[in-house]
$ cat upload.cif   # mmCIF, C-alpha atoms
data_work
loop_
_atom_site.group_PDB
_atom_site.id
_atom_site.type_symbol
_atom_site.label_atom_id
_atom_site.label_comp_id
_atom_site.auth_asym_id
_atom_site.auth_seq_id
_atom_site.Cartn_x
_atom_site.Cartn_y
_atom_site.Cartn_z
ATOM 1 C CA MET E 1 0.000 0.000 0.000
ATOM 2 C CA LYS E 2 2.838 2.375 0.857
ATOM 3 C CA SER E 3 4.476 1.582 -2.499
ATOM 4 C CA LEU E 4 1.233 2.370 -4.340
ATOM 5 C CA CYS E 5 0.830 5.699 -2.533
ATOM 6 C CA LEU E 6 4.442 6.651 -3.241
ATOM 7 C CA ALA E 7 4.013 5.822 -6.932
ATOM 8 C CA LEU E 8 0.866 7.986 -7.089
ATOM 9 C CA VAL E 9 2.642 10.926 -5.456
ATOM 10 C CA LEU E 10 5.554 10.621 -7.905
ATOM 11 C CA VAL E 11 3.144 10.626 -10.875
ATOM 12 C CA LEU E 12 1.400 13.735 -9.570
ATOM 13 C CA LEU E 13 4.710 15.497 -8.981
ATOM 14 C CA ALA E 14 5.888 14.588 -12.474
ATOM 15 C CA GLY E 15 2.724 16.133 -13.882
ATOM 16 C CA CYS E 16 3.377 19.354 -11.982
ATOM 17 C CA THR E 17 7.009 19.636 -13.023
ATOM 18 C CA GLY E 18 6.780 18.349 -16.574
ATOM 19 C CA GLY E 19 6.809 21.808 -18.171
ATOM 20 C CA LEU E 20 4.286 24.377 -19.348
ATOM 21 C CA ARG E 21 1.099 23.038 -20.909
ATOM 22 C CA ILE E 22 -0.477 25.239 -23.600
ATOM 23 C CA ASP E 23 -4.041 24.764 -24.849
ATOM 24 C CA ASP E 24 -4.293 25.600 -28.583
ATOM 25 C CA SER E 25 -7.948 24.683 -28.959
ATOM 26 C CA HIS E 26 -9.121 28.329 -29.210
ATOM 27 C CA THR E 27 -8.052 30.770 -31.931
ATOM 28 C CA ALA E 28 -8.705 34.511 -31.894
ATOM 29 C CA THR E 29 -10.274 36.149 -34.937
ATOM 30 C CA GLY E 30 -8.605 39.515 -34.177
ATOM 31 C CA GLN E 31 -5.234 38.901 -35.784
ATOM 32 C CA ASN E 32 -3.260 39.195 -38.989
ATOM 33 C CA SER E 33 0.267 38.702 -40.255
ATOM 34 C CA ARG E 34 3.090 40.674 -38.658
ATOM 35 C CA VAL E 35 4.245 41.360 -42.253
ATOM 36 C CA GLN E 36 3.027 44.700 -43.603
ATOM 37 C CA TYR E 37 5.380 45.259 -46.539
ATOM 38 C CA VAL E 38 7.853 43.538 -48.825
ATOM 39 C CA VAL E 39 10.973 45.607 -49.517
ATOM 40 C CA LEU E 40 12.976 45.015 -52.697
ATOM 41 C CA HIS E 41 16.747 45.551 -52.936
ATOM 42 C CA TYR E 42 19.714 44.853 -55.168
ATOM 43 C CA THR E 43 22.932 43.516 -53.649
ATOM 44 C CA SER E 44 25.590 45.553 -55.530
ATOM 45 C CA ALA E 45 27.597 42.320 -55.736
ATOM 46 C CA ASP E 46 27.843 38.976 -57.518
ATOM 47 C CA LEU E 47 26.192 35.833 -56.155
ATOM 48 C CA GLN E 48 29.012 34.552 -53.955
ATOM 49 C CA ARG E 49 29.759 37.957 -52.499
ATOM 50 C CA SER E 50 26.026 38.505 -51.928
ATOM 51 C CA LEU E 51 25.723 35.218 -50.053
ATOM 52 C CA ASP E 52 28.760 36.080 -47.944
ATOM 53 C CA LEU E 53 27.424 39.533 -47.073
ATOM 54 C CA LEU E 54 23.925 38.318 -46.251
ATOM 55 C CA THR E 55 24.922 35.300 -44.159
ATOM 56 C CA GLN E 56 28.212 36.247 -42.483
ATOM 57 C CA THR E 57 27.686 39.882 -41.504
ATOM 58 C CA GLU E 58 25.050 41.811 -39.577
ATOM 59 C CA VAL E 59 23.199 42.547 -42.828
ATOM 60 C CA SER E 60 20.615 39.951 -43.830
ATOM 61 C CA SER E 61 17.443 39.417 -45.825
ATOM 62 C CA HIS E 62 14.723 36.829 -45.905
ATOM 63 C CA TYR E 63 15.358 35.898 -49.530
ATOM 64 C CA LEU E 64 18.116 36.264 -52.103
ATOM 65 C CA ILE E 65 17.406 35.643 -55.782
ATOM 66 C CA GLY E 66 20.368 34.803 -58.000
ATOM 67 C CA ASP E 67 20.643 35.987 -61.575
ATOM 68 C CA ALA E 68 22.052 32.998 -63.494
ATOM 69 C CA PRO E 69 20.285 30.739 -62.744
ATOM 70 C CA PRO E 70 17.634 32.645 -60.758
ATOM 71 C CA THR E 71 17.769 30.440 -57.650
ATOM 72 C CA VAL E 72 15.772 31.536 -54.583
ATOM 73 C CA TYR E 73 17.766 31.298 -51.345
ATOM 74 C CA ARG E 74 15.849 31.473 -48.075
ATOM 75 C CA LEU E 75 18.261 33.060 -45.600
ATOM 76 C CA VAL E 76 15.943 34.095 -42.748
ATOM 77 C CA ASP E 77 12.639 32.524 -41.750
ATOM 78 C CA GLU E 78 9.717 34.868 -42.425
ATOM 79 C CA ASN E 79 8.717 34.660 -38.768
ATOM 80 C CA ARG E 80 12.020 36.218 -37.762
ATOM 81 C CA ARG E 81 13.382 39.724 -38.306
ATOM 82 C CA ALA E 82 16.001 40.248 -41.021
ATOM 83 C CA TRP E 83 18.285 43.275 -40.939
ATOM 84 C CA HIS E 84 17.782 44.664 -44.413
ATOM 85 C CA VAL E 85 16.341 48.206 -44.301
ATOM 86 C CA GLY E 86 17.938 50.018 -41.361
ATOM 87 C CA VAL E 87 16.579 53.468 -40.550
ATOM 88 C CA SER E 88 13.380 53.594 -42.579
ATOM 89 C CA GLU E 89 9.854 54.930 -42.730
ATOM 90 C CA TRP E 90 6.783 54.362 -44.883
ATOM 91 C CA GLN E 91 3.208 55.516 -44.370
ATOM 92 C CA GLY E 92 4.187 56.783 -40.936
ATOM 93 C CA ARG E 93 5.619 53.455 -39.780
ATOM 94 C CA THR E 94 9.274 53.465 -38.756
ATOM 95 C CA TRP E 95 12.143 50.981 -38.327
ATOM 96 C CA LEU E 96 10.607 48.571 -40.815
ATOM 97 C CA ASN E 97 12.836 45.551 -40.181
ATOM 98 C CA ALA E 98 10.234 44.361 -37.688
ATOM 99 C CA SER E 99 7.297 44.443 -40.111
ATOM 100 C CA THR E 100 8.754 43.607 -43.529
ATOM 101 C CA ILE E 101 10.049 40.779 -45.659
ATOM 102 C CA GLY E 102 13.273 41.675 -47.430
ATOM 103 C CA ILE E 103 14.133 40.342 -50.879
ATOM 104 C CA GLU E 104 17.586 40.939 -52.341
ATOM 105 C CA LEU E 105 18.256 40.541 -56.068
ATOM 106 C CA VAL E 106 21.775 39.735 -57.236
ATOM 107 C CA ASN E 107 22.591 42.789 -59.316
ATOM 108 C CA GLN E 108 25.616 45.068 -59.409
ATOM 109 C CA GLY E 109 23.495 48.201 -59.240
ATOM 110 C CA TYR E 110 25.467 50.999 -60.868
ATOM 111 C CA TYR E 111 28.998 52.185 -61.459
ATOM 112 C CA GLN E 112 30.377 55.397 -62.808
ATOM 113 C CA THR E 113 31.798 55.650 -66.344
ATOM 114 C CA PRO E 114 33.208 58.618 -68.286
ATOM 115 C CA ALA E 115 29.813 58.803 -69.999
ATOM 116 C CA GLY E 116 27.932 58.839 -66.700
ATOM 117 C CA ARG E 117 26.290 56.340 -64.389
ATOM 118 C CA TYR E 118 25.739 52.840 -65.804
ATOM 119 C CA TRP E 119 23.014 50.640 -64.310
ATOM 120 C CA GLN E 120 23.025 46.875 -64.694
ATOM 121 C CA PRO E 121 19.786 45.523 -66.188
ATOM 122 C CA PHE E 122 17.892 42.784 -64.364
ATOM 123 C CA ALA E 123 17.787 39.351 -65.976
ATOM 124 C CA PRO E 124 14.252 38.573 -67.247
ATOM 125 C CA GLN E 125 14.298 35.098 -65.655
ATOM 126 C CA GLN E 126 15.238 36.671 -62.329
ATOM 127 C CA ILE E 127 12.194 38.935 -62.491
ATOM 128 C CA ASP E 128 9.984 35.977 -63.483
ATOM 129 C CA THR E 129 11.168 34.139 -60.368
ATOM 130 C CA LEU E 130 10.649 37.221 -58.200
ATOM 131 C CA ILE E 131 7.058 37.548 -59.401
ATOM 132 C CA VAL E 132 6.287 33.933 -58.437
ATOM 133 C CA LEU E 133 7.804 34.496 -54.993
ATOM 134 C CA LEU E 134 5.941 37.788 -54.498
ATOM 135 C CA LYS E 135 2.598 36.258 -55.432
ATOM 136 C CA ASP E 136 3.162 33.500 -52.905
ATOM 137 C CA ILE E 137 4.095 35.975 -50.144
ATOM 138 C CA VAL E 138 1.171 38.291 -50.908
ATOM 139 C CA LYS E 139 -1.289 35.396 -50.821
ATOM 140 C CA ARG E 140 0.025 33.853 -47.609
ATOM 141 C CA HIS E 141 0.200 37.148 -45.719
ATOM 142 C CA GLN E 142 -2.929 38.633 -47.337
ATOM 143 C CA LEU E 143 -1.109 41.831 -48.239
ATOM 144 C CA PRO E 144 -3.095 44.648 -49.876
ATOM 145 C CA LEU E 145 -2.059 46.316 -53.128
ATOM 146 C CA GLY E 146 0.735 48.790 -52.428
ATOM 147 C CA SER E 147 2.573 46.587 -49.937
ATOM 148 C CA ILE E 148 5.537 45.881 -52.245
ATOM 149 C CA ILE E 149 7.957 48.791 -52.066
ATOM 150 C CA ALA E 150 11.542 49.784 -52.842
ATOM 151 C CA HIS E 151 14.412 50.319 -50.445
ATOM 152 C CA SER E 152 14.610 53.789 -51.994
ATOM 153 C CA ASP E 153 10.962 54.374 -51.015
ATOM 154 C CA VAL E 154 11.578 53.795 -47.314
ATOM 155 C CA ALA E 155 15.051 55.375 -47.148
ATOM 156 C CA PRO E 156 15.195 57.934 -50.004
ATOM 157 C CA GLN E 157 17.912 60.037 -48.377
ATOM 158 C CA ARG E 158 20.499 57.250 -48.484
ATOM 159 C CA LYS E 159 19.359 54.445 -50.816
ATOM 160 C CA VAL E 160 18.553 54.138 -54.536
ATOM 161 C CA ASP E 161 17.946 50.399 -54.903
ATOM 162 C CA PRO E 162 16.500 48.625 -56.753
ATOM 163 C CA GLY E 163 17.132 51.539 -59.152
ATOM 164 C CA PRO E 164 15.559 52.927 -62.336
ATOM 165 C CA LEU E 165 15.953 49.728 -64.379
ATOM 166 C CA PHE E 166 13.850 47.655 -62.027
ATOM 167 C CA PRO E 167 10.643 46.776 -63.964
ATOM 168 C CA TRP E 168 7.910 48.075 -61.666
ATOM 169 C CA LYS E 169 5.473 48.215 -64.588
ATOM 170 C CA ARG E 170 5.945 44.466 -65.094
ATOM 171 C CA LEU E 171 4.971 43.895 -61.460
ATOM 172 C CA ALA E 172 1.986 46.206 -61.943
ATOM 173 C CA ASP E 173 0.866 44.178 -64.958
ATOM 174 C CA GLU E 174 0.927 41.100 -62.699
ATOM 175 C CA GLY E 175 -1.337 42.838 -60.183
ATOM 176 C CA LEU E 176 1.377 43.255 -57.567
ATOM 177 C CA VAL E 177 1.829 47.042 -57.398
ATOM 178 C CA PRO E 178 -0.487 49.981 -58.161
ATOM 179 C CA TRP E 179 -0.002 51.867 -61.400
ATOM 180 C CA PRO E 180 -1.562 55.150 -62.555
ATOM 181 C CA ASN E 181 -4.082 55.008 -65.380
ATOM 182 C CA GLU E 182 -2.268 56.371 -68.426
ATOM 183 C CA ASP E 183 -5.287 58.185 -69.891
ATOM 184 C CA ALA E 184 -5.860 59.970 -66.585
ATOM 185 C CA VAL E 185 -2.146 60.814 -66.415
ATOM 186 C CA ALA E 186 -2.235 62.352 -69.902
ATOM 187 C CA ARG E 187 -5.214 64.549 -69.000
ATOM 188 C CA GLN E 188 -3.658 65.748 -65.752
ATOM 189 C CA GLN E 189 -0.274 66.295 -67.386
ATOM 190 C CA ALA E 190 -1.839 68.619 -69.942
ATOM 191 C CA LEU E 191 -3.359 70.664 -67.137
ATOM 192 C CA PHE E 192 -0.158 70.766 -65.085
ATOM 193 C CA SER E 193 1.849 71.787 -68.160
ATOM 194 C CA THR E 194 0.132 75.167 -68.061
ATOM 195 C CA SER E 195 0.280 75.581 -64.292
ATOM 196 C CA LEU E 196 2.726 73.453 -62.288
ATOM 197 C CA PRO E 197 1.746 72.904 -58.635
ATOM 198 C CA SER E 198 3.873 74.367 -55.866
ATOM 199 C CA VAL E 199 6.675 72.518 -54.094
ATOM 200 C CA GLN E 200 4.464 72.302 -51.035
ATOM 201 C CA TRP E 201 1.807 70.557 -53.157
ATOM 202 C CA PHE E 202 4.405 67.974 -54.235
ATOM 203 C CA GLN E 203 5.471 67.452 -50.637
ATOM 204 C CA LYS E 204 1.893 66.928 -49.495
ATOM 205 C CA GLN E 205 1.110 64.479 -52.306
ATOM 206 C CA LEU E 206 4.328 62.519 -51.749
ATOM 207 C CA ALA E 207 3.511 62.207 -48.053
ATOM 208 C CA GLN E 208 0.031 60.977 -48.963
ATOM 209 C CA ASN E 209 1.628 58.359 -51.214
ATOM 210 C CA GLY E 210 3.657 57.081 -48.250
ATOM 211 C CA TYR E 211 6.989 58.910 -48.369
ATOM 212 C CA THR E 212 8.636 60.743 -45.517
ATOM 213 C CA VAL E 213 9.296 64.208 -46.938
ATOM 214 C CA PRO E 214 9.690 67.747 -45.550
ATOM 215 C CA GLN E 215 6.555 69.895 -45.539
ATOM 216 C CA HIS E 216 8.149 73.358 -45.581
ATOM 217 C CA GLY E 217 7.513 74.245 -49.235
ATOM 218 C CA GLU E 218 11.194 74.469 -50.200
ATOM 219 C CA LEU E 219 12.844 72.418 -52.941
ATOM 220 C CA ASP E 220 15.740 71.274 -50.787
ATOM 221 C CA GLU E 221 17.947 68.206 -51.277
ATOM 222 C CA ALA E 222 15.760 66.023 -49.090
ATOM 223 C CA THR E 223 12.679 66.840 -51.163
ATOM 224 C CA ARG E 224 14.537 66.267 -54.439
ATOM 225 C CA ASN E 225 15.686 62.860 -53.197
ATOM 226 C CA VAL E 226 12.105 61.843 -52.467
ATOM 227 C CA ILE E 227 10.900 63.099 -55.850
ATOM 228 C CA ALA E 228 13.709 61.118 -57.497
ATOM 229 C CA ALA E 229 12.692 57.960 -55.603
ATOM 230 C CA PHE E 230 9.128 58.353 -56.873
ATOM 231 C CA GLN E 231 10.353 59.037 -60.416
ATOM 232 C CA MET E 232 12.631 55.971 -60.453
ATOM 233 C CA LYS E 233 9.554 53.877 -59.768
ATOM 234 C CA TYR E 234 6.896 55.533 -61.921
ATOM 235 C CA ARG E 235 8.824 57.574 -64.512
ATOM 236 C CA PRO E 236 12.320 56.008 -64.725
ATOM 237 C CA ALA E 237 13.221 57.684 -68.030
ATOM 238 C CA ASN E 238 13.995 60.847 -66.057
ATOM 239 C CA TYR E 239 14.634 60.738 -62.303
ATOM 240 C CA ASP E 240 16.365 64.082 -61.821
ATOM 241 C CA GLY E 241 14.356 64.907 -58.702
ATOM 242 C CA GLN E 242 12.859 68.046 -60.251
ATOM 243 C CA PRO E 243 9.108 68.751 -60.043
ATOM 244 C CA ASP E 244 7.481 68.598 -63.468
ATOM 245 C CA ALA E 245 4.069 68.131 -65.037
ATOM 246 C CA GLU E 246 4.359 64.382 -65.685
ATOM 247 C CA THR E 247 5.582 63.623 -62.169
ATOM 248 C CA ALA E 248 2.744 65.711 -60.733
ATOM 249 C CA ALA E 249 0.193 63.922 -62.925
ATOM 250 C CA ARG E 250 1.401 60.434 -62.000
ATOM 251 C CA LEU E 251 1.511 61.308 -58.327
ATOM 252 C CA LEU E 252 -1.980 62.786 -58.255
ATOM 253 C CA VAL E 253 -3.565 59.965 -60.259
ATOM 254 C CA LEU E 254 -1.986 57.352 -58.010
ATOM 255 C CA ASN E 255 -3.279 59.073 -54.910
ATOM 256 C CA LEU E 256 -6.772 59.487 -56.358
ATOM 257 C CA GLN E 257 -6.868 55.806 -57.317
ATOM 258 C CA ALA E 258 -5.739 54.797 -53.831
ATOM 259 C CA ALA E 259 -8.436 56.961 -52.286
ATOM 260 C CA GLY E 260 -11.027 55.183 -54.398
#
$ encode --input "upload.cif" --output "structure tokens"
Amino acid sequence: MKSLCLALVLVLLAGCTGGLRIDDSHTATGQNSRVQYVVLHYTSADLQRSLDLLTQTEVSSHYLIGDAPPTVYRLVDENRRAWHVGVSEWQGRTWLNASTIGIELVNQGYYQTPAGRYWQPFAPQQIDTLIVLLKDIVKRHQLPLGSIIAHSDVAPQRKVDPGPLFPWKRLADEGLVPWPNEDAVARQQALFSTSLPSVQWFQKQLAQNGYTVPQHGELDEATRNVIAAFQMKYRPANYDGQPDAETAARLLVLNLQAAG
């Protein structure tokens, strides 16, 4: 009898000390993914150097896509934070490492030549692979249109990637990013050609689009950098950072479309 009682006590003690028990039978409806945006980058390096930088230093990203062949490397689990954007802001949200998925594309970016800055084109197969990956991420995390952004969008004062040769229009055609209606752009551009809005108007519209930009009405370097970031995405033929009628038209149409 004493042996039976001792055995019972030991079983009860084992149950008390066997670790935390968690009941997963109830699930809250008030939740969504921690991921709010996907940020696109280029690596400014070849594949091996890119892998070294993104796995052996304090810089990282969730995915790296090679160029030849366009292999997808998963470097950080999506549930964990990768260190890919640094000081950043978009739509009023700051320090975006905690709420983004980072995708790096193997691409040298640009280098200076006697004739000016040369940008490396992106391999078509690399972009095809990126689109498949983006569609999967958007579906799994239920991301709304406008959630795929550039490093230069969230840090326009210090970053230019993925640069003016990145095919944003191709992503728009796949339903991944918003794009201004060209007929509406043409009508607005004709109006703005006769009367260009003020710098303060540009600053207000850029802020509405999501950018962090001064609101003082002066065309300073910070404002020009933000205008250039917008132009690289939506008017890459000319990204000089200067306010003009086409930039104004594209910006306004985008904002009107977003507002519904």
$ atom_distance --input "upload.cif" --atom1 "atom CA of E:Leu47" --atom2 "atom CA of E:Tyr73"
10.7 Å
$ atom_distance --input "upload.cif" --atom1 "atom CA of E:Glu89" --atom2 "atom CA of E:Gln215"
15.6 Å
$ closest_residue --input "upload.cif" --among "E:Ser44, E:Asn32, E:Thr247, E:Asn97" --to "E:Arg235" --atoms "only C-alpha atoms"
E:Thr247
$ residues_around --input "upload.cif" --residues "E:Gly241" --least-positions-apart "4" --cutoff "10 Å" --atoms "all atoms listed in the file" --output "number ranges by chain"
E: 219, 221-232, 247
$ axis_aligned_box --input "upload.cif" --around "stretch 94-108 of chain E" --padding-each-side "5 Å" --output "AutoDock Vina command-line options"
--center_x 16.5 --center_y 46.6 --center_z -48.5 --size_x 28.3 --size_y 23.7 --size_z 31.7
$ atom_distance --input "upload.cif" --atom1 "atom CA of E:Val154" --atom2 "atom CA of E:Tyr211"
7.0 Å
$ resolve_selection --input "upload.cif" --expression "the PyMOL selection byres ((chain E and resi 65) around 12)" --output "number ranges by chain"
E: 40-43, 46-48, 50-51, 54, 61-64, 66-75, 102-107, 122-123, 125-134
$ closest_atom_pairs --input "upload.cif" --of "stretch 214-256 of chain E" --to "stretch 158-170 of chain E" --cutoff "8 Å" --atoms "only C-alpha atoms" --output "CSV"
residue,atom,partner,partner_atom,distance
E:Ala229,CA,E:Val160,CA,7.1
E:Met232,CA,E:Pro164,CA,4.6
E:Lys233,CA,E:Trp168,CA,6.3
E:Tyr234,CA,E:Trp168,CA,7.5
E:Pro236,CA,E:Pro164,CA,5.1
E:Ala237,CA,E:Pro164,CA,7.8
E:Tyr239,CA,E:Pro164,CA,7.9
$ resolve_selection --input "upload.cif" --expression "the PyMOL selection byres ((chain E and resi 178-189) around 8)" --output "CSV table (one decimal) with C-alpha atoms, in the coordinates of the input"
chain,number,residue,atom,x,y,z
E,145,LEU,CA,-2.1,46.3,-53.1
E,146,GLY,CA,0.7,48.8,-52.4
E,169,LYS,CA,5.5,48.2,-64.6
E,172,ALA,CA,2.0,46.2,-61.9
E,175,GLY,CA,-1.3,42.8,-60.2
E,176,LEU,CA,1.4,43.3,-57.6
E,177,VAL,CA,1.8,47.0,-57.4
E,190,ALA,CA,-1.8,68.6,-69.9
E,191,LEU,CA,-3.4,70.7,-67.1
E,192,PHE,CA,-0.2,70.8,-65.1
E,193,SER,CA,1.8,71.8,-68.2
E,234,TYR,CA,6.9,55.5,-61.9
E,245,ALA,CA,4.1,68.1,-65.0
E,246,GLU,CA,4.4,64.4,-65.7
E,248,ALA,CA,2.7,65.7,-60.7
E,249,ALA,CA,0.2,63.9,-62.9
E,250,ARG,CA,1.4,60.4,-62.0
E,253,VAL,CA,-3.6,60.0,-60.3
E,254,LEU,CA,-2.0,57.4,-58.0
E,257,GLN,CA,-6.9,55.8,-57.3
$ residues_around --input "upload.cif" --residues "E:Lys204" --least-positions-apart "5" --cutoff "9 Å" --atoms "all atoms listed in the file" --output "list of chain:residue names"
E:Val199, E:Asn209, E:Val213, E:Pro214, E:Gln215
$ closest_residue --input "upload.cif" --among "E:Asn255, E:Gln112, E:Gln120, E:Ser198" --to "E:Gln242" --atoms "only C-alpha atoms"
E:Ser198
$ closest_residue --input "upload.cif" --among "E:Gln36, E:Thr113, E:Thr57, E:Ser152" --to "E:Ala98" --atoms "all atoms listed in the file"
E:Gln36
$ resolve_selection --input "upload.cif" --expression "the PyMOL selection byres ((chain E and resi 79) around 12)" --output "mmCIF file with C-alpha atoms, in the coordinates of the input"
data_model
loop_
_atom_site.group_PDB
_atom_site.id
_atom_site.type_symbol
_atom_site.label_atom_id
_atom_site.label_comp_id
_atom_site.auth_asym_id
_atom_site.auth_seq_id
_atom_site.Cartn_x
_atom_site.Cartn_y
_atom_site.Cartn_z
ATOM 1 C CA SER E 33 0.267 38.702 -40.255
ATOM 2 C CA ARG E 34 3.090 40.674 -38.658
ATOM 3 C CA VAL E 35 4.245 41.360 -42.253
ATOM 4 C CA HIS E 62 14.723 36.829 -45.905
ATOM 5 C CA LEU E 75 18.261 33.060 -45.600
ATOM 6 C CA VAL E 76 15.943 34.095 -42.748
ATOM 7 C CA ASP E 77 12.639 32.524 -41.750
ATOM 8 C CA GLU E 78 9.717 34.868 -42.425
ATOM 9 C CA ARG E 80 12.020 36.218 -37.762
ATOM 10 C CA ARG E 81 13.382 39.724 -38.306
ATOM 11 C CA ALA E 82 16.001 40.248 -41.021
ATOM 12 C CA ASN E 97 12.836 45.551 -40.181
ATOM 13 C CA ALA E 98 10.234 44.361 -37.688
ATOM 14 C CA SER E 99 7.297 44.443 -40.111
ATOM 15 C CA THR E 100 8.754 43.607 -43.529
ATOM 16 C CA ILE E 101 10.049 40.779 -45.659
ATOM 17 C CA HIS E 141 0.200 37.148 -45.719
#
$ closest_residue --input "upload.cif" --among "E:Gln200, E:Ser25, E:Thr194, E:Ser147" --to "E:Trp90" --atoms "all atoms listed in the file"
E:Ser147
